[in-house]
Structure formats: C-alpha cells, structure tokens
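Shown next: model04.cif, containing mmCIF, C-alpha atoms.
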```cif
data_run
loop_
_atom_site.label_atom_id
_atom_site.label_comp_id
_atom_site.auth_asym_id
_atom_site.auth_seq_id
_atom_site.Cartn_x
_atom_site.Cartn_y
_atom_site.Cartn_z
CA MET A 1 55.41 34.66 13.05
CA ALA A 2 57.65 33.27 15.76
CA ASN A 3 61.13 32.19 14.72
CA LEU A 4 62.06 28.80 16.19
CA GLN A 5 65.61 28.81 14.89
CA SER A 6 68.15 27.84 17.53
CA SER A 7 71.85 28.50 18.02
CA PHE A 8 73.24 26.46 20.91
CA LEU A 9 76.98 27.07 21.39
CA GLY A 10 76.93 28.36 17.82
CA ILE A 11 75.43 25.07 16.60
CA LYS A 12 72.48 26.05 14.43
CA SER A 13 69.27 24.09 13.97
CA PRO A 14 65.86 25.00 12.51
CA ASN A 15 64.17 24.47 15.88
CA PRO A 16 65.29 23.90 19.49
CA PHE A 17 64.16 20.25 19.59
CA TRP A 18 66.92 17.65 19.54
CA LEU A 19 66.58 13.91 20.01
CA ALA A 20 68.56 12.84 23.06
CA SER A 21 71.30 10.23 23.00
CA ALA A 22 69.31 6.96 23.17
CA PRO A 23 67.96 4.12 21.00
CA PRO A 24 66.21 6.54 18.57
CA THR A 25 69.61 7.96 17.59
CA ASP A 26 71.54 4.71 17.33
CA LYS A 27 71.69 4.34 13.57
CA LYS A 28 71.47 6.12 10.22
CA THR A 29 68.01 4.74 9.41
CA ASN A 30 66.46 6.20 12.56
CA VAL A 31 68.19 9.57 12.33
CA ILE A 32 67.24 10.09 8.68
CA ARG A 33 63.64 9.31 9.54
CA ALA A 34 63.81 11.81 12.42
CA PHE A 35 65.26 14.56 10.23
CA GLU A 36 62.69 13.91 7.53
CA ALA A 37 59.99 14.37 10.18
CA GLY A 38 61.47 17.75 11.13
CA TRP A 39 63.67 17.35 14.22
CA GLY A 40 66.19 20.15 14.61
CA GLY A 41 69.07 17.95 15.70
CA VAL A 42 70.16 14.70 17.31
CA VAL A 43 72.65 13.56 19.88
CA TRP A 44 73.95 10.30 18.41
CA LYS A 45 73.79 7.42 20.85
CA THR A 46 76.87 7.19 23.05
CA LEU A 47 79.98 5.79 21.40
CA GLY A 48 82.79 4.05 23.26
CA SER A 49 84.31 0.65 23.84
CA GLN A 50 82.44 -2.34 22.43
CA VAL A 51 79.66 -3.59 24.71
CA LYS A 52 77.02 -6.33 24.64
CA ASN A 53 73.44 -5.52 25.61
CA VAL A 54 70.99 -7.87 27.29
CA SER A 55 67.39 -8.89 26.63
CA SER A 56 64.96 -7.65 27.83
CA ARG A 57 65.94 -4.00 28.37
CA TYR A 58 62.91 -1.80 29.04
CA SER A 59 60.15 -1.55 31.60
CA ALA A 60 57.63 1.12 32.49
CA MET A 61 55.48 2.43 35.28
CA ASN A 62 51.81 2.73 34.37
CA TYR A 63 49.41 4.80 36.46
CA ASN A 64 45.66 5.22 36.55
CA GLY A 65 45.12 3.82 33.08
CA ARG A 66 47.96 5.71 31.44
CA LYS A 67 50.86 3.63 30.16
CA ALA A 68 54.54 4.56 30.51
CA VAL A 69 54.18 7.53 32.86
CA GLY A 70 57.70 6.53 33.78
CA PHE A 71 60.09 4.59 31.55
CA ASN A 72 63.04 2.47 32.61
CA ASN A 73 65.93 1.00 30.66
CA ILE A 74 69.00 -1.09 31.36
CA GLU A 75 70.50 -0.59 27.92
CA LEU A 76 74.16 0.36 27.61
CA ILE A 77 75.89 2.62 25.10
CA SER A 78 75.76 1.74 21.41
CA ASP A 79 76.61 -1.91 20.84
CA ARG A 80 77.21 -1.35 17.13
CA PRO A 81 80.83 -1.27 15.88
CA LEU A 82 82.43 2.15 16.30
CA ASP A 83 83.56 2.42 12.68
CA ILE A 84 80.02 1.81 11.40
CA ASN A 85 78.59 4.49 13.68
CA LEU A 86 81.24 7.00 12.59
CA LYS A 87 80.64 6.21 8.90
CA GLU A 88 76.88 6.67 9.26
CA ILE A 89 77.26 9.97 11.17
CA ALA A 90 79.30 11.39 8.28
CA GLU A 91 76.74 10.15 5.76
CA VAL A 92 73.80 11.72 7.59
CA LEU A 93 75.66 15.04 7.86
CA LYS A 94 75.97 15.19 4.07
CA LEU A 95 72.25 14.52 3.64
CA PHE A 96 71.11 17.06 6.26
CA PRO A 97 73.73 19.81 6.58
CA ASP A 98 71.22 22.19 8.20
CA ARG A 99 70.57 19.95 11.23
CA ALA A 100 72.56 19.77 14.46
CA MET A 101 74.66 16.64 14.81
CA ILE A 102 76.09 16.05 18.29
CA VAL A 103 77.95 12.85 19.16
CA SER A 104 77.74 11.43 22.67
CA LEU A 105 80.96 9.90 23.99
CA MET A 106 82.04 7.66 26.87
CA ALA A 107 85.66 6.57 26.62
CA ASP A 108 87.70 4.43 28.96
CA ASN A 109 89.04 6.45 31.87
CA ASP A 110 92.42 7.50 30.57
CA ARG A 111 93.61 10.54 28.60
CA LYS A 112 94.68 8.56 25.53
CA SER A 113 91.32 6.84 25.09
CA TRP A 114 89.42 10.12 25.37
CA HIS A 115 91.75 11.85 22.92
CA GLU A 116 91.37 9.05 20.37
CA LEU A 117 87.59 8.94 20.66
CA VAL A 118 87.22 12.72 20.46
CA LYS A 119 89.35 12.90 17.32
CA LYS A 120 87.44 10.08 15.61
CA ALA A 121 84.08 11.69 16.44
CA GLN A 122 84.98 15.16 15.23
CA ASP A 123 86.56 13.79 12.06
CA THR A 124 83.02 12.88 10.96
CA GLY A 125 82.22 16.57 10.63
CA ALA A 126 79.95 16.54 13.69
CA HIS A 127 79.01 19.93 15.11
CA GLY A 128 79.55 19.10 18.76
CA LEU A 129 80.30 16.45 21.39
CA GLU A 130 78.33 15.45 24.47
CA LEU A 131 80.19 13.74 27.31
CA ASN A 132 78.06 11.03 28.94
CA PHE A 133 78.72 11.44 32.66
CA GLY A 134 75.32 10.11 33.63
CA CYS A 135 74.58 6.52 32.58
CA PRO A 136 73.52 4.92 35.91
CA HIS A 137 73.84 1.23 35.05
CA GLY A 138 76.26 -1.17 33.42
CA MET A 139 78.95 1.38 32.69
CA VAL A 140 79.18 2.52 36.32
CA GLU A 141 80.65 -0.81 37.30
CA ARG A 142 83.47 -0.06 34.86
CA GLY A 143 84.16 3.31 36.46
CA MET A 144 82.39 5.17 33.67
CA GLY A 145 79.12 7.06 33.16
CA ALA A 146 77.62 8.19 36.47
CA ALA A 147 80.77 7.04 38.29
CA VAL A 148 82.50 9.99 36.61
CA GLY A 149 79.62 12.42 37.05
CA GLN A 150 79.28 11.66 40.75
CA ASP A 151 82.85 12.71 41.50
CA PRO A 152 83.49 16.38 40.61
CA GLU A 153 87.27 15.97 40.67
CA ILE A 154 87.18 13.10 38.19
CA ALA A 155 84.62 14.90 36.07
CA LYS A 156 86.82 17.98 35.86
CA MET A 157 89.86 15.88 34.95
CA VAL A 158 88.04 14.07 32.15
CA VAL A 159 86.65 17.33 30.73
CA GLU A 160 90.19 18.73 30.74
CA TRP A 161 91.38 15.70 28.76
CA VAL A 162 88.59 16.18 26.26
CA MET A 163 89.24 19.90 25.83
CA GLU A 164 92.86 19.16 24.99
CA ALA A 165 91.72 17.41 21.82
CA ALA A 166 88.32 18.94 21.06
CA GLN A 167 88.04 21.42 18.20
CA ILE A 168 84.25 21.63 18.29
CA PRO A 169 81.87 22.62 21.14
CA VAL A 170 81.68 20.24 24.10
CA ILE A 171 78.56 19.63 26.21
CA THR A 172 78.85 17.76 29.51
CA LYS A 173 75.80 15.66 30.42
CA LEU A 174 75.27 15.56 34.18
CA THR A 175 73.98 12.73 36.32
CA PRO A 176 70.93 13.31 38.56
CA ASN A 177 72.04 10.52 40.90
CA VAL A 178 73.64 13.01 43.29
CA HIS A 179 72.49 15.27 46.11
CA SER A 180 73.02 18.31 43.89
CA VAL A 181 74.02 18.74 40.25
CA VAL A 182 75.74 22.04 41.01
CA PRO A 183 79.16 20.66 42.11
CA GLY A 184 79.36 18.50 38.99
CA GLY A 185 78.30 21.40 36.81
CA ILE A 186 80.91 23.70 38.34
CA ALA A 187 83.59 21.02 37.93
CA ALA A 188 82.76 20.57 34.26
CA ILE A 189 82.88 24.33 33.69
CA GLU A 190 86.21 24.58 35.48
CA GLY A 191 87.44 21.77 33.23
CA GLY A 192 86.57 23.88 30.20
CA THR A 193 83.23 22.51 28.95
CA ASN A 194 81.33 24.85 26.66
CA GLY A 195 77.86 23.76 27.76
CA LEU A 196 75.90 21.47 30.06
CA SER A 197 72.98 19.11 29.55
CA LEU A 198 70.73 17.46 32.12
CA ILE A 199 69.26 15.30 33.37
CA ASN A 200 70.42 11.83 32.51
CA THR A 201 68.32 8.94 33.84
CA ILE A 202 67.63 8.26 37.52
CA GLN A 203 68.39 4.89 39.11
CA SER A 204 65.14 3.02 39.65
CA VAL A 205 63.10 -0.14 40.03
CA THR A 206 59.81 0.36 38.19
CA GLY A 207 58.00 -2.65 39.62
CA ILE A 208 57.92 -6.37 40.31
CA ASP A 209 56.04 -9.15 38.55
CA LEU A 210 53.92 -10.53 41.37
CA ASP A 211 53.77 -13.98 39.76
CA THR A 212 57.49 -14.51 39.18
CA LEU A 213 58.62 -12.07 41.91
CA VAL A 214 61.28 -10.79 39.50
CA PRO A 215 61.66 -7.01 39.16
CA ASN A 216 61.24 -5.52 35.71
CA PRO A 217 62.83 -5.82 33.22
CA ASN A 218 63.36 -9.58 33.55
CA VAL A 219 66.65 -10.95 32.24
CA GLY A 220 66.58 -14.68 32.80
CA GLY A 221 65.00 -14.38 36.24
CA GLN A 222 67.09 -11.44 37.43
CA SER A 223 67.10 -7.67 37.10
CA VAL A 224 69.19 -4.62 37.97
CA TYR A 225 68.63 -0.97 38.77
CA GLY A 226 67.72 0.84 35.58
CA GLY A 227 67.67 4.39 34.31
CA TYR A 228 64.32 6.15 34.89
CA CYS A 229 62.97 8.76 32.49
CA GLY A 230 59.71 9.90 30.92
CA PRO A 231 57.02 12.31 32.20
CA ALA A 232 57.44 11.19 35.82
CA VAL A 233 60.95 12.67 36.08
CA LYS A 234 60.10 16.11 34.67
CA PRO A 235 59.62 17.85 38.07
CA ILE A 236 63.00 16.56 39.24
CA ALA A 237 64.67 17.67 36.02
CA LEU A 238 63.14 21.16 36.27
CA LYS A 239 64.39 21.54 39.84
CA MET A 240 67.93 20.48 38.95
CA LEU A 241 67.94 22.72 35.90
CA THR A 242 66.88 25.69 38.01
CA THR A 243 69.65 25.16 40.55
CA LEU A 244 72.17 25.57 37.73
CA ALA A 245 70.36 28.58 36.26
CA GLN A 246 70.40 30.29 39.67
CA ASN A 247 73.99 29.54 40.67
CA GLY A 248 76.52 32.29 40.03
CA LYS A 249 79.16 29.86 38.74
CA THR A 250 76.91 27.97 36.32
CA ARG A 251 74.10 30.29 35.21
CA LYS A 252 76.03 31.83 32.31
CA THR A 253 76.82 28.43 30.78
CA PRO A 254 74.32 27.34 28.08
CA ILE A 255 72.18 24.40 29.19
CA SER A 256 70.37 21.79 27.10
CA GLY A 257 67.32 20.60 29.04
CA ILE A 258 66.35 16.93 29.25
CA GLY A 259 63.88 14.96 31.33
CA GLY A 260 60.30 13.94 30.56
CA ILE A 261 59.61 16.46 27.81
CA THR A 262 56.49 15.21 26.04
CA THR A 263 54.60 18.30 24.87
CA TRP A 264 55.46 21.80 23.67
CA LYS A 265 54.36 23.09 27.07
CA ASP A 266 57.00 20.92 28.75
CA ALA A 267 59.64 22.33 26.43
CA VAL A 268 58.58 25.91 27.13
CA GLU A 269 58.78 25.26 30.88
CA PHE A 270 62.34 23.97 30.55
CA MET A 271 63.34 27.02 28.55
CA LEU A 272 61.62 29.42 30.96
CA LEU A 273 63.78 27.88 33.68
CA GLY A 274 67.03 28.40 31.82
CA ALA A 275 67.44 25.79 29.09
CA SER A 276 68.54 27.20 25.74
CA ASN A 277 67.20 24.17 23.90
CA VAL A 278 65.71 20.78 24.79
CA GLN A 279 66.30 17.10 24.13
CA VAL A 280 63.55 14.48 23.83
CA CYS A 281 63.71 10.69 24.02
CA THR A 282 60.88 8.79 25.75
CA ALA A 283 58.07 10.70 24.02
CA ALA A 284 59.57 9.88 20.62
CA MET A 285 59.90 6.21 21.59
CA ILE A 286 56.27 6.04 22.71
CA TYR A 287 54.60 8.19 20.04
CA GLY A 288 57.03 8.25 17.10
CA PHE A 289 59.08 10.95 15.41
CA LYS A 290 56.11 12.87 13.99
CA ILE A 291 55.37 14.43 17.37
CA ILE A 292 57.89 17.06 16.29
CA THR A 293 55.11 18.76 14.31
CA ASP A 294 53.01 19.27 17.44
CA LEU A 295 56.07 20.40 19.40
CA CYS A 296 56.99 23.06 16.86
CA ASP A 297 53.44 24.22 16.13
CA GLY A 298 52.57 24.45 19.81
CA MET A 299 55.64 26.46 20.74
CA SER A 300 55.27 28.72 17.72
CA ASN A 301 51.60 29.45 18.46
CA TRP A 302 52.36 30.18 22.12
CA MET A 303 55.18 32.54 21.15
CA ASP A 304 52.88 34.37 18.73
CA GLU A 305 50.25 34.70 21.44
CA LYS A 306 52.78 36.09 23.92
CA GLY A 307 54.58 38.31 21.42
CA TYR A 308 57.94 36.52 21.53
CA ARG A 309 59.75 36.73 18.19
CA ASN A 310 62.50 34.19 18.89
CA ILE A 311 63.22 31.59 21.54
CA ASN A 312 65.84 33.67 23.32
CA ASP A 313 63.12 36.17 24.23
CA PHE A 314 61.76 33.87 26.94
CA VAL A 315 64.69 31.69 28.00
CA GLY A 316 65.18 32.01 31.78
CA LEU A 317 62.25 34.35 32.47
CA SER A 318 60.88 32.14 35.26
CA VAL A 319 64.18 31.62 37.07
CA PRO A 320 63.86 34.74 39.32
CA LYS A 321 60.38 33.61 40.33
CA ILE A 322 61.77 30.64 42.27
CA THR A 323 63.01 31.91 45.60
CA LYS A 324 63.69 30.63 49.12
CA TRP A 325 60.80 29.62 51.37
CA GLU A 326 61.63 32.25 53.99
CA GLU A 327 61.26 34.98 51.36
CA LEU A 328 57.67 34.07 50.42
CA ASP A 329 54.90 36.56 51.23
CA ILE A 330 53.06 35.35 54.34
CA ASN A 331 50.36 37.97 53.80
CA PHE A 332 49.42 36.43 50.46
CA HIS A 333 46.33 34.27 50.99
CA ILE A 334 43.88 32.45 48.75
CA VAL A 335 40.67 30.53 49.37
CA ALA A 336 38.85 27.99 47.23
CA ASN A 337 35.64 28.70 45.37
CA ILE A 338 33.34 26.03 43.92
CA ASN A 339 31.42 26.86 40.74
CA GLN A 340 28.08 25.20 41.48
CA ASP A 341 27.11 25.24 37.79
CA LYS A 342 30.13 23.07 36.93
CA CYS A 343 30.08 20.85 40.03
CA ILE A 344 29.16 17.19 39.34
CA HIS A 345 28.62 16.51 43.07
CA CYS A 346 31.18 13.69 43.21
CA GLY A 347 32.35 14.71 46.69
CA LEU A 348 36.05 14.16 46.06
CA CYS A 349 36.90 17.64 47.30
CA TYR A 350 34.95 17.11 50.50
CA ILE A 351 36.48 13.69 51.20
CA SER A 352 40.07 14.83 50.70
CA CYS A 353 39.62 18.02 52.73
CA GLU A 354 37.62 16.40 55.52
CA ASP A 355 39.86 13.34 55.93
CA THR A 356 43.33 14.72 55.30
CA SER A 357 43.35 18.51 55.43
CA HIS A 358 41.50 21.33 57.17
CA GLN A 359 37.80 20.40 57.20
CA SER A 360 37.10 23.52 55.14
CA ILE A 361 34.26 22.20 52.97
CA SER A 362 30.70 21.82 54.21
CA ILE A 363 28.29 19.22 52.88
CA GLU A 364 24.56 19.70 52.44
CA ARG A 365 23.08 16.26 52.01
CA GLY A 366 20.23 16.09 49.58
CA ASN A 367 18.29 14.19 46.98
CA PRO A 368 19.31 13.43 44.27
CA TYR A 369 22.80 14.69 45.18
CA ASN A 370 24.85 16.44 47.86
CA ASN A 371 26.03 20.04 47.58
CA TYR A 372 29.41 21.34 48.72
CA THR A 373 30.53 24.83 49.72
CA ILE A 374 33.76 26.31 51.03
CA LYS A 375 34.08 27.50 54.65
CA GLU A 376 36.18 30.53 53.75
CA GLU A 377 37.19 31.24 57.34
CA GLU A 378 38.70 27.75 57.60
CA CYS A 379 40.28 27.48 54.13
CA VAL A 380 44.08 27.81 54.10
CA GLY A 381 44.37 27.84 50.30
CA CYS A 382 46.33 24.58 50.04
CA ASN A 383 44.98 23.72 46.52
CA LEU A 384 44.12 20.10 47.43
CA CYS A 385 40.45 20.39 46.51
CA LYS A 386 41.33 21.95 43.16
CA ILE A 387 43.86 19.19 42.49
CA VAL A 388 41.45 16.32 43.14
CA CYS A 389 38.45 17.89 41.36
CA PRO A 390 37.86 16.04 38.06
CA VAL A 391 36.20 19.05 36.36
CA ASN A 392 38.43 21.74 34.87
CA ASP A 393 37.89 25.19 36.42
CA CYS A 394 35.13 23.97 38.71
CA ILE A 395 37.24 24.90 41.72
CA THR A 396 39.28 28.08 41.50
CA MET A 397 41.45 29.84 44.05
CA VAL A 398 40.53 33.43 44.89
CA GLU A 399 43.00 35.87 46.45
CA GLN A 400 42.09 37.23 49.89
CA ARG A 401 45.23 38.86 51.30
CA LYS A 402 45.76 38.98 55.05
CA GLY A 403 47.46 42.37 54.85
CA ASP A 404 48.42 45.03 52.36
CA GLU A 405 52.19 44.82 52.82
CA TYR A 406 54.63 42.18 51.67
CA LEU A 407 55.74 40.23 54.75
CA ASN A 408 58.17 37.32 54.68
CA TRP A 409 59.05 34.87 57.44
CA ILE A 410 62.30 36.61 58.39
CA GLU A 411 60.54 39.92 58.96
CA TYR A 412 57.67 38.11 60.65
CA GLN A 413 60.06 36.74 63.26
CA LYS A 414 61.84 40.07 63.70
CA ARG A 415 58.58 41.72 64.64
CA GLY A 416 57.77 38.99 67.13
CA LEU A 417 54.33 38.43 65.64
CA PRO A 418 52.27 35.56 67.13
CA LEU A 419 52.55 32.26 65.27
CA ASN A 420 48.79 31.82 65.13
CA ASP A 421 48.20 35.29 63.68
CA HIS A 422 47.91 33.87 60.17
#
```
Produce structure tokens that represent the structure in this file.
Amino acid sequence: MANLQSSFLGIKSPNPFWLASAPPTDKKTNVIRAFEAGWGGVVWKTLGSQVKNVSSRYSAMNYNGRKAVGFNNIELISDRPLDINLKEIAEVLKLFPDRAMIVSLMADNDRKSWHELVKKAQDTGAHGLELNFGCPHGMVERGMGAAVGQDPEIAKMVVEWVMEAAQIPVITKLTPNVHSVVPGGIAAIEGGTNGLSLINTIQSVTGIDLDTLVPNPNVGGQSVYGGYCGPAVKPIALKMLTTLAQNGKTRKTPISGIGGITTWKDAVEFMLLGASNVQVCTAAMIYGFKIITDLCDGMSNWMDEKGYRNINDFVGLSVPKITKWEELDINFHIVANINQDKCIHCGLCYISCEDTSHQSISIERGNPYNNYTIKEEECVGCNLCKIVCPVNDCITMVEQRKGDEYLNWIEYQKRGLPLNDH
C-alpha cells in the first residue's frame, strides 16, 4: 500500500495534509479535534501583537447553485492573548507528538520584536515557524503582512532577522498580491528561509448587497477589501506554485502548497506541480475536519493505482510539462467527436460554437429532437463544445495531426511558412 508519511524540512507527519493558518487552527479545542480526525499537522493561526477583530468577517461567492465557490475574509491574526496561545500549543504538542506543529508569526517590523516572538514560539516545542508575509487586509495598513511580502528587500531583511534567532525550520508564506511571486521567493531564500508556502489570500470584493448597496461582508454599513480563497483561487495558486518550481533560484527549496485544495485530486495536482505537502483551510471550514479521511483515502488509492510507493515519487512530475507558448507543437491537432448514443440533444454545443467560436457543428432539425454533428474540416479543437456539454464523455477530442514532425512557432517562422497553412 502507498505510504502517505511526509517529511517537510525534516518535520514528520503521518500524511502530507496540514491545516493552514486560519480560524480552524486558532485554539487548542479546534486543533485537538483536527488531530483526532487524522490531520497530519497544523499551522497555528498567526501570532503577533494584540489585535481586535470586527463583526461580520466572512463572505462568499456562490455560483450556479453551488455555495462558497470562493470565500472571503477580513479577519486579522489571532485576537487571543499571546500567552494563552503559546500555552495551548505546548499542551497540544504533548498530546500529539507525532503530528506537525508549525506556528505562524507576524511581528512588528523591527529586529527585536521578531527575535522575541520567534523565541517565544519555539520555546513551546513547535517543530517549525511560518512567516506570514501575505495577509492582505488590516495588517497591511500597519506595514505588516502583504506589505512585507510585496517588497523583496524588506522581506529578505525580515527573514534575516528571523534566522538570527530561529533554531527550528522556517517557512516563508508568500503573498499572491504581486505581479510575480518569484522575486519574493528569491528574496526569502537569500534571507535564509528553509522553505516557502503559497498562496496566501488574494485581495477581493466578493459581491454587493443590492438592497443595502454595501459590499460583503457588512460591518456597520461599510466594508473593506478582503482575502479571497477557496476553490476559485486554485488555478491562480497552481500557476504561482509552478513559477517557483521552474525557476532556477527557487526550485530546490521545499514548497508547501496552499490555495483552494478541496479534494485529494486537488492535493495531487499541487504536488505534481512541485509542492512537497499541502495546506487546507476553506474546505475544512465548509465541510468539517472529517474530510481528511477522504483526502487520505483518495490519494492513497490513486498512488496504489499508479504504482507510487511514497509521496516523493510523484512530487514535481508535471512541472516539465508546462512550457512556453512558442515551444508548443503546431502540428498537434484535435477535433471534437459527439457520441450520438450519449447525446441528450440539448444543443449547448451548437449554440456556443455557432455564436462564439468557429461554426464547426452542424444541426439537423428534427422531431422530436435535433441532431448535431462535427464539421471536422472546420473544427480547430478548442475544447469549448466539450466544456459546455452537460454529459460526461459525450464529446471527446480525437487527435488528427497536421504533420508527422514536431513543429513549434519559432521554427514555423524560420521556415517562412504561410500563416494560414494550419
């Protein structure tokens, strides 16, 4: 059977699933419940100077009948007293010595404050520290959170301060509210960080109440930009993760993947693109801690099916498969095929192709229903019909190469081939 045991920066856990720094990891009661359910580790909610949170704090984006496709929060770091958090961290460690305990930190922006906070956190016996350089609201106005992560020079300086006092592994959590996460990642590595994690939440406005005209969440008739997470951010997180896994200065640094992980398939995708383990938050908040059973069982079954014995066997395998556009094979060509036995004659494929794409589907009007077929000579293989089709595997894409050789855009131009040749 597959072995899900994880060792991230030497921090061992029975599986690669950690709970991210967030409300689910804010107190002993929650963390014990998570460990009893089977989570491999937690990143304790960010500790720092005393703050006061507001009410309300959360909002969500619903889509097409599904709730919380995207999740938004304006919550700050832990608003519980620091000494209580530290005491509870130490207590949980004694109860669950086999689980990973990482403490997220966000100190005031001076060397002394970081040194003091680091020492207090590691005195609990915690296995590692995560530096919160990503919080996009509330703390930014104080020159903290994303304000640090958005400036590589400041990020490097703060990491250097931390490494002066740290005696346990340090993970730097990057902000996605930048053009590229690579400069921040490089800066953190140059500062001495042992690992990276990403992404933190993305600044957002999830919607507006059309009766009150107040954006969500409503705090006494006003709102602010919040931090966006949940399934909707997963594609962005995967892209940013891959840029680090491909860059020569960052790809050898272990990465903890975060951003919309809801199912075991999501977790596998993050790990295929370079993450050594993953962190989950929104899915646990929506569905509860017991989803860890499905996450572990799903990953284990997939590994057995593929023949992977441990998680390191597949970490990063998909990274080389993401290339530059100009290196793609122009001779590769596919066309759509409609399985008439599965077709329910809804016409969605025809409408989308006829109105917005390449008019590559013909309609044969009839009684009691219309029939649809692909005009193969017109089909460019864009996938739109397959995407809109409500029936699984009704529309498939069939390879019909334009030529036997691999031909990319650069070579295409060198040969002076006509633009309309393909």
**Request:** Could you tell me which residues the PyMOL selection byres ((chain A and resi 249) around 12) returns for this structure, as a PyMOL selection string?
**Result:** chain A and resi 182-190+243-248+250-254
**Item:** Neighbour list for stretch 21-34 of chain A as an MDAnalysis selection string, cut-off 10 Å, only C-alpha atoms, skip fewer than 5 positions in-chain
**Value:** chainID A and resid 39:47 75:80 84:93 95:96 101:105 130 132 200 279:282 284:285 288:290 292
**Request:** Work out how far apart atom CA of A:Asn73 and atom CA of A:His115 are and give it in Å to one decimal.
**Result:** 29.1 Å
**Message:** Just to confirm, what's the straight-line distance from atom CA of A:Thr263 to atom CA of A:Pro390 in Å (one decimal)?
**Reply:**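 Between these atoms lies a distance of 21.4 Å.
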**Message:** List as a list in words the protein and nucleic acid residues near A:Ile338, meaning an atom at most 7 Å away when only C-alpha atoms are counted, but skip any in the same chain fewer than 5 places from it.
**Reply:**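 Once the adjacent positions are removed, what remains is Thr373, Cys394, Ile395 and Thr396 of chain A.
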**Residue neighbourhood stretch 68-71 of chain A, 6 Å, all atoms listed in the file, exclusion window fewer than 2 positions, as a PyMOL selection string** = chain A and resi 60-62+228-232
**Message:** On this structure, the PyMOL selection byres ((chain A and resi 155-158) around 12) would catch which residues? List them as number ranges by chain, sorted by chain and number.
**Reply:** A: 105-115, 118, 131-134, 143-154, 159-165, 170, 172-175, 183-193
Keeping only C-alpha atoms, write the selected residues as a CSV table (one decimal), keeping the file's coordinate frame.
```
chain,number,residue,atom,x,y,z
A,105,LEU,CA,81.0,9.9,24.0
A,106,MET,CA,82.0,7.7,26.9
A,107,ALA,CA,85.7,6.6,26.6
A,108,ASP,CA,87.7,4.4,29.0
A,109,ASN,CA,89.0,6.4,31.9
A,110,ASP,CA,92.4,7.5,30.6
A,111,ARG,CA,93.6,10.5,28.6
A,112,LYS,CA,94.7,8.6,25.5
A,113,SER,CA,91.3,6.8,25.1
A,114,TRP,CA,89.4,10.1,25.4
A,115,HIS,CA,91.8,11.8,22.9
A,118,VAL,CA,87.2,12.7,20.5
A,131,LEU,CA,80.2,13.7,27.3
A,132,ASN,CA,78.1,11.0,28.9
A,133,PHE,CA,78.7,11.4,32.7
A,134,GLY,CA,75.3,10.1,33.6
A,143,GLY,CA,84.2,3.3,36.5
A,144,MET,CA,82.4,5.2,33.7
A,145,GLY,CA,79.1,7.1,33.2
A,146,ALA,CA,77.6,8.2,36.5
A,147,ALA,CA,80.8,7.0,38.3
A,148,VAL,CA,82.5,10.0,36.6
A,149,GLY,CA,79.6,12.4,37.0
A,150,GLN,CA,79.3,11.7,40.8
A,151,ASP,CA,82.8,12.7,41.5
A,152,PRO,CA,83.5,16.4,40.6
A,153,GLU,CA,87.3,16.0,40.7
A,154,ILE,CA,87.2,13.1,38.2
A,159,VAL,CA,86.6,17.3,30.7
A,160,GLU,CA,90.2,18.7,30.7
A,161,TRP,CA,91.4,15.7,28.8
A,162,VAL,CA,88.6,16.2,26.3
A,163,MET,CA,89.2,19.9,25.8
A,164,GLU,CA,92.9,19.2,25.0
A,165,ALA,CA,91.7,17.4,21.8
A,170,VAL,CA,81.7,20.2,24.1
A,172,THR,CA,78.8,17.8,29.5
A,173,LYS,CA,75.8,15.7,30.4
A,174,LEU,CA,75.3,15.6,34.2
A,175,THR,CA,74.0,12.7,36.3
A,183,PRO,CA,79.2,20.7,42.1
A,184,GLY,CA,79.4,18.5,39.0
A,185,GLY,CA,78.3,21.4,36.8
A,186,ILE,CA,80.9,23.7,38.3
A,187,ALA,CA,83.6,21.0,37.9
A,188,ALA,CA,82.8,20.6,34.3
A,189,ILE,CA,82.9,24.3,33.7
A,190,GLU,CA,86.2,24.6,35.5
A,191,GLY,CA,87.4,21.8,33.2
A,192,GLY,CA,86.6,23.9,30.2
A,193,THR,CA,83.2,22.5,29.0
```
Residues of stretch 379-420 of chain A that approach stretch 347-359 of chain A to 9 Å or less, counting only C-alpha atoms: could you list each one with the shortest pair of atoms and its distance in Å to one decimal, rows by chain and increasing residue number, as a Markdown table?
```
| residue | atom | partner | partner_atom | distance |
| --- | --- | --- | --- | --- |
| A:Cys379 | CA | A:His358 | CA | 7.0 |
| A:Val380 | CA | A:His358 | CA | 7.6 |
| A:Cys382 | CA | A:Ser357 | CA | 8.6 |
| A:Leu384 | CA | A:Cys353 | CA | 7.3 |
| A:Cys385 | CA | A:Cys349 | CA | 4.6 |
| A:Lys386 | CA | A:Cys349 | CA | 7.4 |
| A:Ile387 | CA | A:Cys349 | CA | 8.6 |
| A:Val388 | CA | A:Cys349 | CA | 6.3 |
| A:Cys389 | CA | A:Cys349 | CA | 6.1 |
| A:Pro390 | CA | A:Leu348 | CA | 8.4 |
```
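Picked by the PyMOL selection byres ((chain A and resi 314) around 12) from the coordinates shown: Ala2, Leu4, Ala267, Val268, Glu269, Phe270, Met271, Leu272, Leu273, Gly274, Ala275, Ser276, Asn277, Met299, Trp302, Met303, Lys306, Gly307, Tyr308, Arg309, Asn310, Ile311, Asn312, Asp313, Val315, Gly316, Leu317, Ser318 and Val319 of chain A.
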**Asked** Please, what distance in Å, to one decimal, runs between atom CA of A:Leu238 and atom CA of A:Asp294?
**Response**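 Atom-to-atom, atom CA of A:Leu238 and atom CA of A:Asp294 are spaced 21.5 Å apart.
The nearest approach to A:Thr201 among the residues A:Cys346, A:Gly128, A:Ala20, A:Thr262, with all atoms listed in the file taken into account, belongs to A:Ala20.
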Quick one: 5 Å padding each side, axis-aligned, all listed atoms of stretch 291-309 of chain A - centre and edge lengths in Å to one decimal, as JSON?
```
{"center_x": 55.0, "center_y": 26.4, "center_z": 19.1, "size_x": 19.5, "size_y": 33.9, "size_z": 19.6}
```
**Message:** My list of candidates is A:Ala121, A:Gly195, A:Met1, A:Asn64. Which is closest to A:Glu305 when distances are computed with all atoms listed in the file?
**Reply:**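 Smallest separation from A:Glu305 among the options: A:Met1.
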**Prompt:** Which of these, A:Gly257, A:Gln222, A:Gly416, A:Cys343, has the shortest distance to A:Ser55 once you count all atoms listed in the file?
**Reply:**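 Looking at the shortest contact to A:Ser55, the residue is A:Gln222.
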A:Trp409 surroundings by all atoms listed in the file, 7 Å radius, close-in-sequence under 4 positions cut, as a compact mmCIF listing (two decimals) with C-alpha atoms, in the frame of the given file:
```txt
# COMPACT_ATOMS: atom_id res chain seq x y z
CA GLU A 326 61.63 32.25 53.99
CA GLU A 327 61.26 34.98 51.36
CA ILE A 330 53.06 35.35 54.34
CA GLN A 413 60.06 36.74 63.26
```
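Distance check against A:Lys321 using only C-alpha atoms: of A:Leu9, A:Thr242, A:Gly366, A:Gly125, the minimum falls on A:Thr242.
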**Item:** Using all atoms listed in the file: which of A:Pro217, A:Gly38, A:Pro169, A:Gly226 has the shortest distance to A:Ser204
**Value:** A:Gly226
